[in-house]
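Visitor: Let me begin by handing over the structure; questions about it come next.
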Protein chains: 2
Amino acid sequence: MKKKVSIHDIAKQLNVSAATVSFVLNGKAAEKRISEEMEQKILKHVNLLGYRPNRIAKSLRTGKSKIIGMLVEGIADPFFSAIARIIEEQAYKLDYKIFYASTENDSRITRNIIGAFRDTQVDGYIIVPPPGIEDDIQALMDDNFPVVLFDRYFPGLATCNIVVDNFDGVYQAMRHFLQHNYKNIGLVTIPSSQTQMRDRLNGYHHAITESGRTPYVKTIAFDLKPDQEKISHEIKLFLQEHRQIDAILFATNYLAISGLEAIKQLGKSVPRDIAVIGFDDNTHFSLFSPSITAVAQPIREISEHIMQQLMACLTGHEKAPEKKTTVLQTKLIIRESSQKQ
Amino acid sequence: MKKKVSIHDIAKQLNVSAATVSFVLNGKAAEKRISEEMEQKILKHVNLLGYRPNRIAKSLRTGKSKIIGMLVEGIADPFFSAIARIIEEQAYKLDYKIFYASTENDSRITRNIIGAFRDTQVDGYIIVPPPGIEDDIQALMDDNFPVVLFDRYFPGLATCNIVVDNFDGVYQAMRHFLQHNYKNIGLVTIPSSQTQMRDRLNGYHHAITESGRTPYVKTIAFDLKPDQEKISHEIKLFLQEHRQIDAILFATNYLAISGLEAIKQLGKSVPRDIAVIGFDDNTHFSLFSPSITAVAQPIREISEHIMQQLMACLTGHEKAPEKKTTVLQTKLIIRESSQKQ
DNA sequence: TTATACTATTTAATCGATTAAGCAAAACGC
DNA sequence: GCGTTTTGCTTAATCGATTAAATAGTATAA
């Protein structure tokens, strides 16, 4: 194991001080009046030895880790992993690295992770917040850490937020159902009062009220998430109880999956017996038979806005960038599952 | 912004030395003969102030970062993200954190990432290696870094490897086709000579030869991966060229997706006109109509073996654990797409 | 009584960088 | 020719921990 070379090794071998080497390596040669000749000599030798600065030491001295902490509900969720992929790509370009962690939408787990990230001195946070975590987020901000929330947010907190127009996304899906003459439109959602779910629910009720229809809402406990079977079962019961339902909107991706399973098990045909739209698109929805209509979130746009905001805070010279909520538009991808043949 | 408290602050406030505090916090009170009384006093005060050690400083001193670098082909790929999720979970339990990065199976990108990870002083590496990266992996090992490869490996390198029995996985799929009396079985794969793909191809040829059938192999250039349309197109041409094909095995998940699209576009019916099996299962395969038969990899088992191996190396007291290749078995999940009704 | 051992803690070096402040030599001004 | 700048570097402190070695005080042994 070849021992690591430090800036002092370089300095000693060239009979200069470590400071000089440091200045050159940080592009401060001119500023610090290092001669052209010396600069070249150092650069050449650094290349020769393949020396690379120890980032830990650098971090300790500068107080910057060049690491961003990213907390999502679950890294295996296709929506979040797609965003993670793009964020990662951009971060590397900007010489940042990303710590991911999954919160399972649990505040205790989230609190732990935030603690661990703080210990590691991450420079900034990208968070999909679970409920009940306001104080911890506020604490981060009090300590001047850049924080960007996405997917949902806390109206009471002055954070940067990147979200989609959940209300309008659902509203458009509902309009589509109504235009295709569906009469009894149900919603399957989760019992969350967080912004994203609340807005989807509001969008539903708005469309229902506006059109004078009857609402049919089924709420599936969040802790069933790992148990697809149980969710299917609940949805089956719901559909059997309200046989008049001829169209249904699923408020999340995994509910749509289990919902389709339920419909299949009931022997009903999509969209003949019942039309379907899912919130969040999915690579596979186009391949289902019938293909599934979905409210798609603009993944790339979301990711880019997140990084833009975070970088603005991270490089912000004292004056913190305005805290604001960016609302992006969803897109209804119309496929077979929502239109009678 | 409340300024951070350091171990020296604690020490000063209690009129003891930082060393004493450090010993207590690292559970070395007994070993270092710190009095019970002093220990309690320190612990109490540490709790009171909510002091948490700076990990960067600790890392600099100890040379350990408690970070594991994980390089996969793409974090958005469901197979890799599922594994990442489990690894993450286990790592946090063991007080490690994970850096993920996507290699896109490109050696240049991979080399860059490895460089970046080294600069950050990660303690160990979990790698899904792209081709042509042997020397870089060897260099890591020469420098005594724990390295675990998975999904594929280099037979010439003495690394720890966790893989599945790709040969047998494909062979079983083929046996299944043959038992259901399919005559002309095609394989759609990618032009990779890496172990995982080579073994799948060998499994195919072995079954074909053994049964005296004719092989039909279509190789899809890897760089088409982002372009589902083009892949579908290629597969359509292949199927039109060999109209006798009545069963087809897709060597990767994304090929199966595009392949199904191709079959759909050709107006053929699965499994009546053509039967299908995919390598790698997928949460949604059971929901497709027909549902898709798949060779499933044991995700949890793979993840656990990876962590086990890595931890063995990481905590290995000098004597490096034996380098070995662990081969896990796949499971054929039989669904509708591979059996004539 | 004096040497020795043990106890409980401190001192100080160290990890590998950054950076404010310092300083000698050369150049410049008059 | 002497003071003042400028040039081109170096010195040394610092970030916040860890840890080998040192030390002061007390107990034990011969």
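Each chain in the structure tokens gets a letter, A, B and so on, in the order shown; residues start at 1 in every chain, and ligands are counted from 1 in the order they appear.
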Could you list, as a count of residues only, the residues of chain A having an atom within 10 Å of chain D when counting only C-alpha atoms (C1' of nucleotides)?
Guide: 17
Visitor: Could you write out as a PDB file with C-alpha atoms (C1' of nucleotides), in the first residue's frame the residues of chain C within 9 Å of chain A, counting only C-alpha atoms (C1' of nucleotides)?
Guide:
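Here's the written file result36.pdb:
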ATOM      1  C1'  DC C  15      -4.258  13.976  11.000  1.00  0.00           C
ATOM      2  C1'  DG C  16      -3.817  17.391   6.145  1.00  0.00           C
ATOM      3  C1'  DA C  17      -5.369  20.995   4.643  1.00  0.00           C
ATOM      4  C1'  DT C  18      -6.232  26.786   4.628  1.00  0.00           C
ATOM      5  C1'  DT C  19      -5.029  31.511   5.338  1.00  0.00           C
TER       6       DT C  19
END
Visitor: Write down as a VMD selection string the residues belonging to range 21-212 of chain B that are assigned strand (DSSP E or B) by DSSP computed on the backbone.
Guide: chain B and resid 67 to 72 97 to 102 124 to 127 147 to 150 160 to 164 185 to 189
Visitor: Using only C-alpha atoms (C1' of nucleotides), which protein or nucleic acid residues come within 12 Å of Cys313 in chain B? Drop anything in the same chain fewer than 3 positions from it, and give the result as an MDAnalysis selection string.
Guide: chainID B and resid 123:126 141 144:148 159:160 306:310 316:324
Visitor: Output C-alpha atoms for every residue in that selection, as an mmCIF file, in the first residue's frame.
Guide:
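Below is the file that was written, out39.cif:
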data_model
loop_
_atom_site.group_PDB
_atom_site.id
_atom_site.type_symbol
_atom_site.label_atom_id
_atom_site.label_comp_id
_atom_site.auth_asym_id
_atom_site.auth_seq_id
_atom_site.Cartn_x
_atom_site.Cartn_y
_atom_site.Cartn_z
ATOM 1 C CA ASP B 123 -13.812 3.321 3.712
ATOM 2 C CA GLY B 124 -15.047 0.686 1.312
ATOM 3 C CA TYR B 125 -16.552 0.108 -2.105
ATOM 4 C CA ILE B 126 -19.588 -1.732 -3.441
ATOM 5 C CA MET B 141 -7.248 -3.450 -3.599
ATOM 6 C CA ASN B 144 -6.057 -2.160 0.840
ATOM 7 C CA PHE B 145 -9.568 -0.880 0.345
ATOM 8 C CA PRO B 146 -12.345 -3.387 0.942
ATOM 9 C CA VAL B 147 -14.112 -3.975 -2.362
ATOM 10 C CA VAL B 148 -17.213 -6.040 -3.033
ATOM 11 C CA THR B 159 -12.316 -9.631 -5.142
ATOM 12 C CA CYS B 160 -15.312 -10.608 -3.074
ATOM 13 C CA ILE B 306 -22.921 -7.736 0.075
ATOM 14 C CA MET B 307 -23.044 -6.074 3.465
ATOM 15 C CA GLN B 308 -21.832 -9.148 5.247
ATOM 16 C CA GLN B 309 -18.794 -9.413 3.012
ATOM 17 C CA LEU B 310 -18.034 -5.756 3.156
ATOM 18 C CA GLY B 316 -11.179 -7.512 9.429
ATOM 19 C CA HIS B 317 -8.291 -7.388 11.824
ATOM 20 C CA GLU B 318 -5.408 -7.389 9.394
ATOM 21 C CA LYS B 319 -6.097 -10.821 7.947
ATOM 22 C CA ALA B 320 -8.206 -9.953 4.951
ATOM 23 C CA PRO B 321 -11.202 -12.271 4.654
ATOM 24 C CA GLU B 322 -10.854 -14.797 1.894
ATOM 25 C CA LYS B 323 -11.719 -13.482 -1.487
ATOM 26 C CA LYS B 324 -14.544 -15.517 -2.829
#
Visitor: Compile the residues of chain B that lie within 8 Å of chain A, evaluated using only C-alpha atoms, and express the compilation as a VMD selection string.
Guide: chain B and resid 1 to 2 52 to 57 59 to 60 74 to 76 78 81 to 82 84 to 85 88 97 to 102 119 to 121 142 to 144 257 260 to 261 284 287 to 289
Visitor: Quick one: pick out all helix (DSSP H, G or I) residues within range 130-316 of chain B from a backbone DSSP run and write them as number ranges by chain.
Guide: B: 134-142, 166-179, 195-211, 222-224, 228-241, 253-265, 299-315
Visitor: Can you pull out every residue within 12 Å of Asp227 in chain B, counting only C-alpha atoms (C1' of nucleotides), but drop anything in the same chain fewer than 5 positions away, and send it as number ranges by chain?
Guide: B: 220-222, 232-234, 254-255, 257-258
